[in-house]
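Novice: Before anything else, here's the structure in question.
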Amino acid sequence: MDTSGGGGHKKGPGVKKGKKLSTRVDLTPMVDLGFLLITFFIFTTTMSQPTAMRLFLPKDVKNPEEQNKVKNSAVITLLLGKEDRIFYYEGDSAAGMKPTDFKKVRDIVIDKKNRTDPKDFVVVIKPTVDATYKNTVNILDEMTIDDIHRYAMVDITPDEYKLILATEAANGIK
Amino acid sequence: MTAMCDVAFLLLSFFILATKFKPPEALSVVTPSSVSTKVAPEKDVVLVTIDKDGKVYLSVSDANSSEKKDMIDAINTSKNLGLTDAEKNNFVKVPNSYIGAPFSQLKSYLDKNPEELRNVVKPGIPAKDSTNNEMVDWFRVAQDAFQGKKMNVLVKGDDASKYPAFQGVIIALKKNDLMKFQVVTSSVPVPEGTELYKFQQKTGTKEVAQ
């Protein structure tokens, strides 16, 4: 590392003494590069891995009599409409359906749950053709959040769909 | 200066190790969120993708190329499609390949390589109702191909897709007696104060009560 060699300087006889050089290296470019790489990896990293929600489908039964009977009073039916709307009714009085949304549905379900015998309590979910996939998954997730063990996803009847359209019209929803 | 340098490189090494490069996905789908914390399986996966227009696509994890081959062979034979080996290989050998066409158009669909497919409007697999539901056949051949293995059926739907597409997939699953499937979601924390939150606090688990 003796770059100062050569003559020019007067040196003592027999003494070869190199000029003391600083061993410090300028780190700035390296640090710059380091931070550049950090930002690159921060942006490319995907930290959240996709999760999976398990679903179990019920078996279709040929004759409806075989289906487990549920007490009408213990059932709450949630119908998923367009634009993230939910319509719900208790029991089998579809005519008395009320509109709600995803923010309020938790309170409605929990309220019903507290008023009903846990043995009988069933939530029936009926997505319409206007409901999105997101609505469907969210409502199934809502069942998990509310710790409801008995729920069923059922096809909507044409009458109920008509009622939804009527309710939507009555509430000024296009 | 030295301390900052140390921290910078520590972070750098962390991110290098944490990064998992994902191949660019051919179908971009925004998944809904759920409180589930279970990581989606990556092996032996039969993935049904529903895009924002409600079109249905089918893909199989790349590690299962023999099952892929069995599936396309079985469909080719039962539907008399007359696919050539090259066309089959466009599904079997190509990574991240997916089926996105009805049987009638499958030959011309598989004619194209993935690069060409990127820019083509794909018709999707018909799965709207129970009468014309080709997913029934696809699930059937998948079930045969995965015999003796645990097949993971994953449904990955777009937020904006409508319910009937999902319903069609459910109908097809039911017809094949595939009663268990999983829905791909992105994870969100359990909202505080809910029943599940209380349950998890009480038991000290992250498990979802089922």
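Each chain in the structure tokens gets a letter, A, B and so on, in the order shown; residues start at 1 in every chain, and ligands are counted from 1 in the order they appear.
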Quick one: which residues from chain A are at most 6 Å off chain B, using only C-alpha atoms, as number ranges by chain?

Specialist: A: 38, 41, 45, 50-57, 129, 131-134, 141, 145-147

Novice: Export N, CA and C atoms of the chosen residues as a short mmCIF file (atom, residue, chain, number, x, y, z; two decimals), in the first residue's frame?

Specialist:
```cif
data_model
loop_
_atom_site.label_atom_id
_atom_site.label_comp_id
_atom_site.auth_asym_id
_atom_site.auth_seq_id
_atom_site.Cartn_x
_atom_site.Cartn_y
_atom_site.Cartn_z
N ILE A 38 -33.05 -1.59 -0.10
CA ILE A 38 -34.09 -1.73 0.92
C ILE A 38 -35.43 -1.28 0.36
N PHE A 41 -36.79 -3.84 -2.04
CA PHE A 41 -37.35 -5.05 -1.44
C PHE A 41 -38.62 -4.77 -0.64
N THR A 45 -41.87 -6.93 -1.59
CA THR A 45 -42.26 -7.97 -0.63
C THR A 45 -43.78 -8.07 -0.52
N PRO A 50 -52.14 -15.22 1.11
CA PRO A 50 -53.58 -15.42 1.06
C PRO A 50 -54.03 -16.50 2.04
N THR A 51 -55.13 -16.25 2.69
CA THR A 51 -55.66 -17.25 3.61
C THR A 51 -56.85 -17.93 2.96
N ALA A 52 -57.28 -18.99 3.58
CA ALA A 52 -58.40 -19.74 3.02
C ALA A 52 -59.48 -19.90 4.06
N MET A 53 -60.69 -19.73 3.63
CA MET A 53 -61.84 -19.92 4.52
C MET A 53 -62.49 -21.24 4.14
N ARG A 54 -62.64 -22.11 5.10
CA ARG A 54 -63.22 -23.42 4.78
C ARG A 54 -64.73 -23.34 4.75
N LEU A 55 -65.29 -24.02 3.80
CA LEU A 55 -66.74 -24.07 3.70
C LEU A 55 -67.16 -25.52 3.51
N PHE A 56 -68.26 -25.85 4.11
CA PHE A 56 -68.81 -27.19 3.95
C PHE A 56 -70.20 -27.07 3.38
N LEU A 57 -70.44 -27.82 2.33
CA LEU A 57 -71.75 -27.76 1.70
C LEU A 57 -72.63 -28.86 2.26
N VAL A 129 -79.41 -12.72 -7.31
CA VAL A 129 -78.50 -12.63 -8.46
C VAL A 129 -77.78 -11.28 -8.48
N ALA A 131 -76.47 -9.88 -5.82
CA ALA A 131 -75.44 -9.83 -4.78
C ALA A 131 -74.09 -10.16 -5.40
N THR A 132 -73.05 -9.56 -4.84
CA THR A 132 -71.71 -9.87 -5.35
C THR A 132 -71.11 -11.02 -4.55
N TYR A 133 -70.05 -11.54 -5.13
CA TYR A 133 -69.28 -12.60 -4.47
C TYR A 133 -68.75 -12.10 -3.13
N LYS A 134 -68.34 -10.84 -3.12
CA LYS A 134 -67.80 -10.25 -1.89
C LYS A 134 -68.86 -10.27 -0.80
N ASP A 141 -68.41 -14.94 6.47
CA ASP A 141 -67.40 -14.57 7.45
C ASP A 141 -68.06 -13.99 8.70
N ILE A 145 -67.60 -14.69 12.65
CA ILE A 145 -67.32 -13.64 13.63
C ILE A 145 -68.35 -13.68 14.76
N ASP A 146 -69.60 -13.91 14.41
CA ASP A 146 -70.66 -13.92 15.42
C ASP A 146 -70.78 -15.27 16.12
N ASP A 147 -69.87 -16.18 15.78
CA ASP A 147 -69.85 -17.49 16.43
C ASP A 147 -71.18 -18.23 16.26
#
```

Novice: Taking only region 11-174 of chain A into account, list the residues labelled strand (DSSP E or B) by DSSP (computed from the backbone), as an NGL selection string.

Specialist: :A and (51-56 or 75-80 or 85-90 or 98-101 or 122-127 or 132 or 151-153)

Novice: Would you save the residues from that selection as a PDB file, in the first residue's frame, using C-alpha atoms?

Specialist:
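So the final result, stored in part-v6.pdb, reads:
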```pdb
ATOM      1  CA  THR A  51     -55.664 -17.247   3.607  1.00  0.00           C
ATOM      2  CA  ALA A  52     -58.399 -19.739   3.020  1.00  0.00           C
ATOM      3  CA  MET A  53     -61.837 -19.915   4.517  1.00  0.00           C
ATOM      4  CA  ARG A  54     -63.220 -23.415   4.785  1.00  0.00           C
ATOM      5  CA  LEU A  55     -66.741 -24.075   3.696  1.00  0.00           C
ATOM      6  CA  PHE A  56     -68.807 -27.187   3.947  1.00  0.00           C
ATOM      7  CA  VAL A  75     -84.906 -18.575  12.078  1.00  0.00           C
ATOM      8  CA  ILE A  76     -83.580 -15.323  10.767  1.00  0.00           C
ATOM      9  CA  THR A  77     -83.287 -15.022   7.009  1.00  0.00           C
ATOM     10  CA  LEU A  78     -80.789 -12.667   5.431  1.00  0.00           C
ATOM     11  CA  LEU A  79     -81.301 -11.801   1.787  1.00  0.00           C
ATOM     12  CA  LEU A  80     -78.423 -10.184  -0.026  1.00  0.00           C
ATOM     13  CA  ARG A  85     -77.786  -4.197   0.872  1.00  0.00           C
ATOM     14  CA  ILE A  86     -79.241  -6.842   3.124  1.00  0.00           C
ATOM     15  CA  PHE A  87     -82.889  -7.554   3.745  1.00  0.00           C
ATOM     16  CA  TYR A  88     -83.872  -9.628   6.720  1.00  0.00           C
ATOM     17  CA  TYR A  89     -86.904 -11.157   8.265  1.00  0.00           C
ATOM     18  CA  GLU A  90     -87.557 -13.388  11.233  1.00  0.00           C
ATOM     19  CA  LYS A  98     -86.607  -4.872   6.510  1.00  0.00           C
ATOM     20  CA  PRO A  99     -83.588  -3.383   4.789  1.00  0.00           C
ATOM     21  CA  THR A 100     -80.227  -3.140   6.508  1.00  0.00           C
ATOM     22  CA  ASP A 101     -76.557  -3.160   5.553  1.00  0.00           C
ATOM     23  CA  VAL A 122     -80.527 -20.946  12.490  1.00  0.00           C
ATOM     24  CA  VAL A 123     -79.436 -18.251  10.075  1.00  0.00           C
ATOM     25  CA  VAL A 124     -80.587 -18.694   6.505  1.00  0.00           C
ATOM     26  CA  ILE A 125     -78.601 -16.826   3.866  1.00  0.00           C
ATOM     27  CA  LYS A 126     -80.173 -16.224   0.490  1.00  0.00           C
ATOM     28  CA  PRO A 127     -78.039 -14.308  -1.991  1.00  0.00           C
ATOM     29  CA  THR A 132     -71.715  -9.870  -5.348  1.00  0.00           C
ATOM     30  CA  TYR A 151     -76.311 -21.395   9.060  1.00  0.00           C
ATOM     31  CA  ALA A 152     -77.344 -22.392   5.613  1.00  0.00           C
ATOM     32  CA  MET A 153     -77.017 -20.894   2.190  1.00  0.00           C
TER      33      MET A 153
END
```
